[in-house]
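Structure record follows, encoded as structure tokens.
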Amino acid sequence: MTTTAIPNAGRAAPLRWQRLANRALHYLVLIAIGLITVYPFWWTLVTALSTDGDVFTFPPAMLPTAPGFGNFHEALTSIDILAFYRNSIAITVFSVIGTLLVSALAAYPLARMRFPGSKLVFGAILATMILPSEVNFLVNFITVSKLHLTDSYSGVVLPTLAGAVGIFLMKQAFEAVPQDLIDAARVDGANEWQIFWKIMLPLTRPALAALTILTTVSAWNQYIWPSIVMSSPDKFPLSVGVLYLAGAFTFKTRVVAAGAVLTVLPILIVFLFTQRYFLRGFDGAVK
Amino acid sequence: MSNKTRKITLQAYLFLAPALLLLLVFSFWPVGFGSFLAFTRYNLIDAPQWVGWDNFRDLFGDELFISALKNSALYLLVVPVIQIFAMLLAVLVNNEMPGIKLFRAAYYLPVVTSVSVIGIIWNFMYTEDGVLNAVLRWLHMVNDPVGWLTDDHITLFAVMFITVWRGIGWYMVLYLAGLQAVPADVYEAAQLDGANRWQRFWRITVPLLSPTILLCSIMSVLAAVKAFEEVQIMTKGGPMQSTYTALFYAYEFGIKSLNFGRALAASLVMSVFCILLAWLNFRYLQPRKN
């Protein structure tokens, strides 16, 4: 920034103007980028709510024409979206409970117990982050079919439960619990399980909450794996079912848009209420 | 081992058992068994039959795989785009000004959306009479609508744009976390010394962010090489197989055709590719200790 002061002019005034102009420019850039990320969602919502007029017009409608819920009604009745919802909810609930349990159980000894092999175990868990895991789905598909878990919730959920991120997040939370509390509990005769269940878990609620949110979003949104595991349409989660809807109603843009809105709505609500957990960048968990 | 240590060890492994079992079955077994299957013919029903390097020979003799590899390599172009924009975005939203949280949320929105919904939404955006073409025609930048998902010269880039669009918010948050760890007095000192905004960015922000840059770069390189979901949803590899990526190839041969030998050979080639790229990242982006 150049600060060439104009002779005889007060120094404060141009600076304040400059700052205001800067800020206005800053907001302008922010809004322009925001339009790129938000507008496609807005267009979809407007399209789903409109019951009249052309779908593709220019300039695109910024508000629904003849607003109504007809498209949502059609999406809900023409395909069993409620079953998709039930499947998504079941998969998400099992994933969350399972992930919390498995991660917390594994993290406890890694954080608070000294035992032979602990470094090796932790190293192996971290190694799964580096392993090119996306190619796992081919063999996992074989495993799941051999275990006769295809077309079942367990087939979708089981491979996702144990993950380095969850274990790492819980390990860090457990490490922050003061040793005095644990010693006091031991003196009172508590065993490891009681310490884990009655002291560790209640004290690490924020970490459990963060992991819950993280798992909820990824379980609700996963697409590829459930679409591989599930073969009968009545077992599809919403994320898979919505494409089924799109395939069946290619030319009914509004109905497909309504289906898309119905799919994102729950996760959007979760996101809006728990934003701070996402946007803090999971400081501890990622590093 | 004393009785007490034996007891603690047993307890520790009991706690670890569920996680270790799951990781063994779904993370470690796939790597080992997958590497083995890459040298066999296997269709899920008959026992795997050892064929040596045949799958790899077939793979590199298959034009489709070669072009899939090329597309995966081309896909790496998204990495610098994502990194630069995510970092700039993070700098933009790192100011405490009214409404900034709203903007952060807006930029993060695509990250929490299912890829299937993103596919649907962008199908609308990309149609011939969709918004994108309408804007371009209105600006007189094109006369005929662009076939974003039908023109085999363009489609790969249209799909890559979706990868950028849905990924940028995630990396922005990582950079934001990195930025917030930079102490404010470093900037104040630099400002007193007369460093302008640009100098402050290059001399302070970028060097202090280098661990984050390494992390984000590795993550986005691996994600780019493994680009698949967007392709599967938007184009199914078309038009004219112009959006076949290596992982999509593996999916088609494995899950679709039950030719697991070929599919896993393709995955193995990709894994080697990924490890090599991760190593290059470490080699050249690792923050230098002074």
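Letters A, B, ... go to the chains of the structure tokens in the order shown; residues in each chain start at 1; ligands are counted from 1 in the same order.
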Check: Using only C-alpha atoms, which residues sit within 12 Å of stretch 119-129 of chain A once same-chain residues fewer than 5 positions away are excluded, as a ChimeraX atom specification?
Finding: /A:103,106-111,113-114,134,136,162-169,171,286 /B:12-13,16-17,19-24,26-31,218-219,222
Can I get the selection written as a CSV table (one decimal), in the first residue's frame, with N, CA and C atoms?
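Once everything was written out, this is result-v6.csv:
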chain,number,residue,atom,x,y,z
A,103,SER,N,-13.2,-46.6,18.5
A,103,SER,CA,-12.1,-45.6,18.6
A,103,SER,C,-11.7,-45.4,20.0
A,106,ALA,N,-9.9,-48.4,21.6
A,106,ALA,CA,-8.6,-48.6,21.2
A,106,ALA,C,-7.7,-47.5,21.7
A,107,ALA,N,-8.2,-46.2,21.8
A,107,ALA,CA,-7.4,-45.1,22.2
A,107,ALA,C,-7.0,-45.2,23.7
A,108,TYR,N,-7.9,-45.8,24.5
A,108,TYR,CA,-7.6,-45.7,25.9
A,108,TYR,C,-6.2,-46.4,26.3
A,109,PRO,N,-6.0,-47.7,26.0
A,109,PRO,CA,-4.7,-48.2,26.3
A,109,PRO,C,-3.5,-47.5,25.6
A,110,LEU,N,-3.8,-47.0,24.4
A,110,LEU,CA,-2.7,-46.3,23.7
A,110,LEU,C,-2.3,-45.0,24.5
A,111,ALA,N,-3.3,-44.4,25.1
A,111,ALA,CA,-3.1,-43.1,25.8
A,111,ALA,C,-2.6,-43.3,27.2
A,113,MET,N,-2.0,-46.6,29.1
A,113,MET,CA,-1.4,-47.8,29.6
A,113,MET,C,0.0,-48.1,29.0
A,114,ARG,N,0.9,-48.7,29.8
A,114,ARG,CA,2.2,-49.0,29.2
A,114,ARG,C,2.2,-50.5,29.0
A,134,GLU,N,-8.0,-46.1,-0.8
A,134,GLU,CA,-9.2,-46.1,-1.7
A,134,GLU,C,-9.2,-47.3,-2.6
A,136,ASN,N,-8.8,-50.2,-1.5
A,136,ASN,CA,-9.2,-51.3,-0.7
A,136,ASN,C,-10.6,-51.8,-1.1
A,162,ALA,N,-13.3,-48.7,12.1
A,162,ALA,CA,-11.9,-48.4,12.7
A,162,ALA,C,-11.1,-47.5,11.8
A,163,GLY,N,-10.8,-46.3,12.3
A,163,GLY,CA,-10.0,-45.4,11.5
A,163,GLY,C,-9.0,-44.7,12.3
A,164,ALA,N,-7.9,-44.3,11.6
A,164,ALA,CA,-6.8,-43.7,12.4
A,164,ALA,C,-7.3,-42.3,12.9
A,165,VAL,N,-8.1,-41.6,12.2
A,165,VAL,CA,-8.5,-40.3,12.7
A,165,VAL,C,-9.2,-40.3,14.0
A,166,GLY,N,-10.2,-41.2,14.1
A,166,GLY,CA,-11.0,-41.4,15.3
A,166,GLY,C,-10.2,-41.8,16.5
A,167,ILE,N,-9.3,-42.8,16.2
A,167,ILE,CA,-8.5,-43.3,17.3
A,167,ILE,C,-7.5,-42.2,17.8
A,168,PHE,N,-7.0,-41.5,16.8
A,168,PHE,CA,-6.0,-40.4,17.2
A,168,PHE,C,-6.7,-39.3,18.0
A,169,LEU,N,-7.9,-38.9,17.5
A,169,LEU,CA,-8.6,-37.9,18.2
A,169,LEU,C,-8.9,-38.2,19.6
A,171,LYS,N,-7.4,-40.5,21.4
A,171,LYS,CA,-6.1,-40.7,22.2
A,171,LYS,C,-5.7,-39.4,22.7
A,286,VAL,N,-6.0,-33.2,13.1
A,286,VAL,CA,-5.4,-33.3,11.8
A,286,VAL,C,-3.9,-33.3,11.8
B,12,ALA,N,-4.9,-54.3,27.9
B,12,ALA,CA,-4.7,-53.4,26.8
B,12,ALA,C,-5.1,-54.0,25.5
B,13,TYR,N,-4.7,-55.2,25.3
B,13,TYR,CA,-5.1,-55.8,24.0
B,13,TYR,C,-6.6,-56.1,23.9
B,16,LEU,N,-8.0,-53.0,22.7
B,16,LEU,CA,-7.6,-52.8,21.3
B,16,LEU,C,-8.3,-53.8,20.3
B,17,ALA,N,-8.8,-54.9,20.9
B,17,ALA,CA,-9.2,-56.0,20.0
B,17,ALA,C,-10.1,-55.6,18.9
B,19,ALA,N,-10.8,-52.8,17.3
B,19,ALA,CA,-10.1,-51.9,16.3
B,19,ALA,C,-9.1,-52.7,15.5
B,20,LEU,N,-8.3,-53.5,16.2
B,20,LEU,CA,-7.3,-54.2,15.5
B,20,LEU,C,-7.9,-55.3,14.6
B,21,LEU,N,-8.9,-55.9,15.0
B,21,LEU,CA,-9.6,-56.9,14.2
B,21,LEU,C,-10.1,-56.3,12.9
B,22,LEU,N,-10.8,-55.2,13.1
B,22,LEU,CA,-11.4,-54.5,11.9
B,22,LEU,C,-10.3,-54.0,11.0
B,23,LEU,N,-9.3,-53.4,11.5
B,23,LEU,CA,-8.2,-52.9,10.7
B,23,LEU,C,-7.5,-54.0,9.9
B,24,LEU,N,-7.4,-55.2,10.6
B,24,LEU,CA,-6.7,-56.3,10.0
B,24,LEU,C,-7.6,-56.8,8.8
B,26,PHE,N,-10.1,-55.1,7.2
B,26,PHE,CA,-10.5,-54.2,6.1
B,26,PHE,C,-9.5,-53.2,5.7
B,27,SER,N,-8.3,-53.2,6.4
B,27,SER,CA,-7.3,-52.3,5.9
B,27,SER,C,-6.0,-53.0,5.5
B,28,PHE,N,-5.5,-54.0,6.4
B,28,PHE,CA,-4.3,-54.6,6.1
B,28,PHE,C,-4.4,-55.8,5.1
B,29,TRP,N,-5.5,-56.6,5.4
B,29,TRP,CA,-5.7,-57.7,4.5
B,29,TRP,C,-5.9,-57.3,3.0
B,30,PRO,N,-6.7,-56.2,2.7
B,30,PRO,CA,-6.8,-55.8,1.3
B,30,PRO,C,-5.5,-55.5,0.7
B,31,VAL,N,-4.5,-54.9,1.4
B,31,VAL,CA,-3.2,-54.6,0.8
B,31,VAL,C,-2.5,-55.9,0.4
B,218,ILE,N,0.0,-33.3,-0.2
B,218,ILE,CA,0.0,-34.8,-0.3
B,218,ILE,C,-1.5,-35.3,-0.4
B,219,MET,N,-2.3,-34.7,0.5
B,219,MET,CA,-3.7,-35.1,0.5
B,219,MET,C,-4.4,-34.9,-0.8
B,222,LEU,N,-2.9,-37.2,-3.7
B,222,LEU,CA,-3.5,-38.6,-3.6
B,222,LEU,C,-5.0,-38.6,-4.0
With 12 Å as the cut-off and only C-alpha atoms counted, what is the closest atom pair between each nearby residue of stretch 220-265 of chain B and stretch 226-248 of chain A? Distances in Å to one decimal, ordered by chain and number, as CSV.
residue,atom,partner,partner_atom,distance
B:Glu229,CA,A:Ser227,CA,11.2
B:Gln232,CA,A:Ser227,CA,11.1
B:Ile233,CA,A:Leu243,CA,8.5
B:Met234,CA,A:Leu243,CA,10.6
B:Tyr251,CA,A:Ile228,CA,9.9
B:Glu252,CA,A:Ile228,CA,11.6
B:Gly254,CA,A:Ile228,CA,11.0
B:Ile255,CA,A:Ile228,CA,7.6
B:Lys256,CA,A:Ile228,CA,9.6
Margin query: Which residues are near stretch 2-5 of chain B? Cut-off 9 Å, only C-alpha atoms, ignore same chain within fewer than 2 positions. Put them as a ChimeraX atom specification.
Written below: /A:114-115 /B:7-10
Next item on the list: Skip B:Lys226 itself and residues of its chain fewer than 4 positions away, then list as a list in words all residues within 9 Å of it, counting only C-alpha atoms.
Entry: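 The filter keeps Pro132, Glu134 and Val135 of chain A; Ser72, Val221, Leu222, Thr245, Ala246, Leu247, Phe248, Met270 and Cys274 of chain B.
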Next item on the list: Find the distance between atom CA of B:Tyr171 and atom CA of B:Glu188 and write it in Å to one decimal.
Entry: 26.2 Å
Margin query: Using only C-alpha atoms, can you tell me which of B:Thr163, B:Asn133, B:Gln191, B:Thr155 comes closest to B:Val115?
Written below: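 Closest candidate: B:Thr163.
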Surrounding residues of B:Ala47 excluding itself and chain neighbours under 5 positions, 12 Å, only C-alpha atoms, as a PDB file with C-alpha atoms, in the first residue's frame:
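As a result, part12.pdb now contains:
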ATOM      1  CA  LEU B  37      -4.578 -61.211  -6.520  1.00  0.00           C
ATOM      2  CA  THR B  40      -3.779 -64.149 -10.464  1.00  0.00           C
ATOM      3  CA  ARG B  41      -6.916 -64.628 -12.461  1.00  0.00           C
ATOM      4  CA  TYR B  42      -9.835 -64.367 -10.072  1.00  0.00           C
ATOM      5  CA  PHE B 260     -10.260 -58.920 -10.096  1.00  0.00           C
ATOM      6  CA  GLY B 261      -6.773 -59.835 -11.308  1.00  0.00           C
TER       7      GLY B 261
END
Next item on the list: Give the helix (DSSP H, G or I) residues of stretch 41-248 of chain B, as DSSP finds them on the backbone, and put them as a ChimeraX atom specification.
Entry: /B:54-61,63-75,78-93,100-112,115-126,131-138,155-180,184-192,197-208,210-225,229-234,246-248
Residues near A:Ser218, cut-off 9 Å, only C-alpha atoms, skip fewer than 6 positions along chain, as a CSV table (one decimal) with N, CA and C atoms, in the first residue's frame:
chain,number,residue,atom,x,y,z
A,92,THR,N,-26.2,-44.4,9.5
A,92,THR,CA,-25.5,-43.4,10.2
A,92,THR,C,-25.4,-43.7,11.7
B,112,VAL,N,-19.6,-30.7,2.9
B,112,VAL,CA,-20.5,-31.6,3.6
B,112,VAL,C,-21.6,-32.1,2.8
B,114,SER,N,-23.1,-34.7,-0.1
B,114,SER,CA,-22.8,-36.0,-0.7
B,114,SER,C,-22.5,-35.8,-2.2
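Taking atom CA of B:Asn71 and atom CA of B:Phe157 as endpoints, the distance between them is 10.1 Å.
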Next item on the list: Go through B:Ile204, B:Leu276, B:Val51, B:Leu69 and flag the residue nearest chain A, using only C-alpha atoms for the distances.
Entry: B:Leu276
Notebook entry, point to check: Near B:Phe65, counting only C-alpha atoms, which residues have an atom at most 12 Å away, once you skip same-chain residues fewer than 4 positions from it, shown as a PyMOL selection string?
Noted result: chain B and resi 55-61+69-72+237+241-250+252-253+262-263+265-267+269-270
Checklist line | From B:Ile213, B:Ala106, B:Val79, B:Ala73, residue lying nearest chain A [only C-alpha atoms] | finding: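 Closest to chain A of all the choices is B:Ala106.
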Item checked: Of the listed residues B:Val93, B:Val225, B:Leu215, B:Val186, that which approaches B:Asn281 most closely, counting only C-alpha atoms ->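 Among the listed residues, the smallest separation from B:Asn281 belongs to B:Leu215.
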